[in-house]
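A quick write-up on the structure given underneath.
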Amino acid sequence: MHDEALNRWQRGWSASRGWNDWQCVDDVTVVRVGEPQRRVEYVATQQHAAAAAHLALTDCNPAGTSWLLIATDDPARTSAELRPLEYVRTEWLMSISLPHHALRPVPAPYTAEITGSPSLIDVRMYGYGELAAEGRMAVLHTGAVADMVQTQPAHRRRGLASAVMTTLATTAVSHNVSTAHLSASPEGRPLYKSLGWRTVTPLLVARTSLPSSR
Ligand SMILES: CC(C)(COP(=O)(O)OP(=O)(O)OC[C@H]1O[C@@H](n2cnc3c(N)ncnc32)[C@H](O)[C@@H]1OP(=O)(O)O)[C@@H](O)C(=O)NCCC(=O)NCCS
């Protein structure tokens with residue numbers, strides 16, 4: 001279940017982050033992230049969670065640096081089944097038909113800047129002399145993926161993230177992309193819902209145990 005949505009999201013997410021070294025092993029997508037605290041990310045559906053856990057528990061990475069992202073209807077149960085892997089958080093895979101995205105204006109006195117390329121769109125909102133909000137969208141033939149949406153704390157609840165999402169969506173539509181996915185934090189999820197995004201599945205984020213928590 002959710003294989004196609006998860007695959008589409010992973011491809012765009014990897015492109016957005018520049019994590020282009022990935023491959024499928026035993027129905028698990030292995031993304032070589034290469035960061036000190038996050039060497040690798042194993043992405044799988046619930047059906048293949050055990051295979052992902054096996055890969056994480058038997059690889060050669062330092063403790064705490066192998067991460068898993070599992071699409072599951074029941075993150076608590078899946079997390080319990082994956083012990084000794086450590087629960088980190090729950091996110092939500094969401095999708096939208098971009099022409100149905102809500103259209104929210106850039107609130108005054110902020111201004112929007114669009115940079116990047118047709119395959120990687122960056123939107124930044126500036127105001128009061130500083131960067132106030134930003135977001136990115138990777139555009140692939142499999143669809144678009146929104147990523148790294150954030151508003152600086154001092155500028156929140158003024159409609160900036162809504163305007164970032166609107167700008168990303170309309171720019172992607174101008175490049176003939178019709179669907180998009182994202183992984184929502186608990187904080188972002190209500191916002192995306194209000195813009196027309198729907199939840200596909202919860203995502204369990206877990207990792208190998210840090211030495212201190214053993
Ligand atoms: C989640 C996040 C991006 C939202 O940014 P934001 O700029 O505050 O978002 P918006 O202002 O567009 O919308 C947030 C809320 O403010 C409300 N709002 C918008 N304009 C408003 C205004 N002028 N006055 C009061 N409330 C307003 C919106 O209706 C929305 O309400 P909801 O959460 O009940 O749907 C921001 O909190 C953040 O950066 N969080 C940390 C990083 C993160 O979690 N990012 C999401 C990753 S998926």
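Convention: chains lettered A, B, ... in structure tokens order; per-chain residue numbering from 1; ligands numbered from 1 as shown.
For A:Ala53, the residues within 10 Å (counting only C-alpha atoms, excluding itself and residues fewer than 2 positions away along the chain) are Val28, Tyr42, Ala44, His48, Ala49, Ala50, Ala51, Leu55, Ala56, Leu57, Thr58, Ser66, Trp67, Leu68, Ile70, Glu81, Leu82, Arg83, Pro84, Leu85, Ala206, Arg207 and Thr208 of chain A.
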Using only C-alpha atoms, which residues sit within 12 Å of A:Gly64 once same-chain residues fewer than 5 positions away are excluded, as a PyMOL selection string?
chain A and resi 35-41+56-57+59+84-88+206-214
With only C-alpha atoms and all ligand atoms counted, collect every polymer residue having an atom within 9 Å of ligand 1; state the result as JSON, numbers by chain.
{"A": [91, 92, 104, 107, 132, 133, 134, 135, 146, 147, 148, 149, 150, 151, 152, 153, 155, 156, 157, 158, 159, 160, 161, 162, 163, 164, 165, 182, 183, 184, 185, 186, 187, 188, 189, 190, 191, 192, 193, 194, 195]}
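Using only C-alpha atoms, the protein and nucleic acid residues lying no more than 6 Å from A:Ile96, apart from those fewer than 2 places from it along its own chain, are Leu98, Thr179, Ala180 and Trp197 of chain A.
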Restrict the selected residues to N, CA and C atoms and save them as a CSV table (one decimal), in the first residue's frame.
```csv
chain,number,residue,atom,x,y,z
A,98,LEU,N,-2.2,19.7,-8.1
A,98,LEU,CA,-1.8,21.1,-7.9
A,98,LEU,C,-2.8,22.2,-8.5
A,179,THR,N,0.7,16.8,-10.1
A,179,THR,CA,0.5,16.3,-8.7
A,179,THR,C,1.8,16.6,-7.9
A,180,ALA,N,1.6,16.7,-6.6
A,180,ALA,CA,2.7,16.9,-5.7
A,180,ALA,C,2.6,16.2,-4.4
A,197,TRP,N,-4.3,20.0,0.6
A,197,TRP,CA,-3.5,18.8,0.6
A,197,TRP,C,-4.3,17.7,1.4
```
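The space separating atom CA of A:Gly127 from atom CA of A:Ala169 comes to 21.4 Å.
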List the neighbours of A:Arg136 out to 12 Å using only C-alpha atoms; skip same-chain residues closer than 4 positions along the sequence, and give me the result as a PyMOL selection string.
chain A and resi 12-13+15-17+113-125+144-150+161+164-169+171-172+182
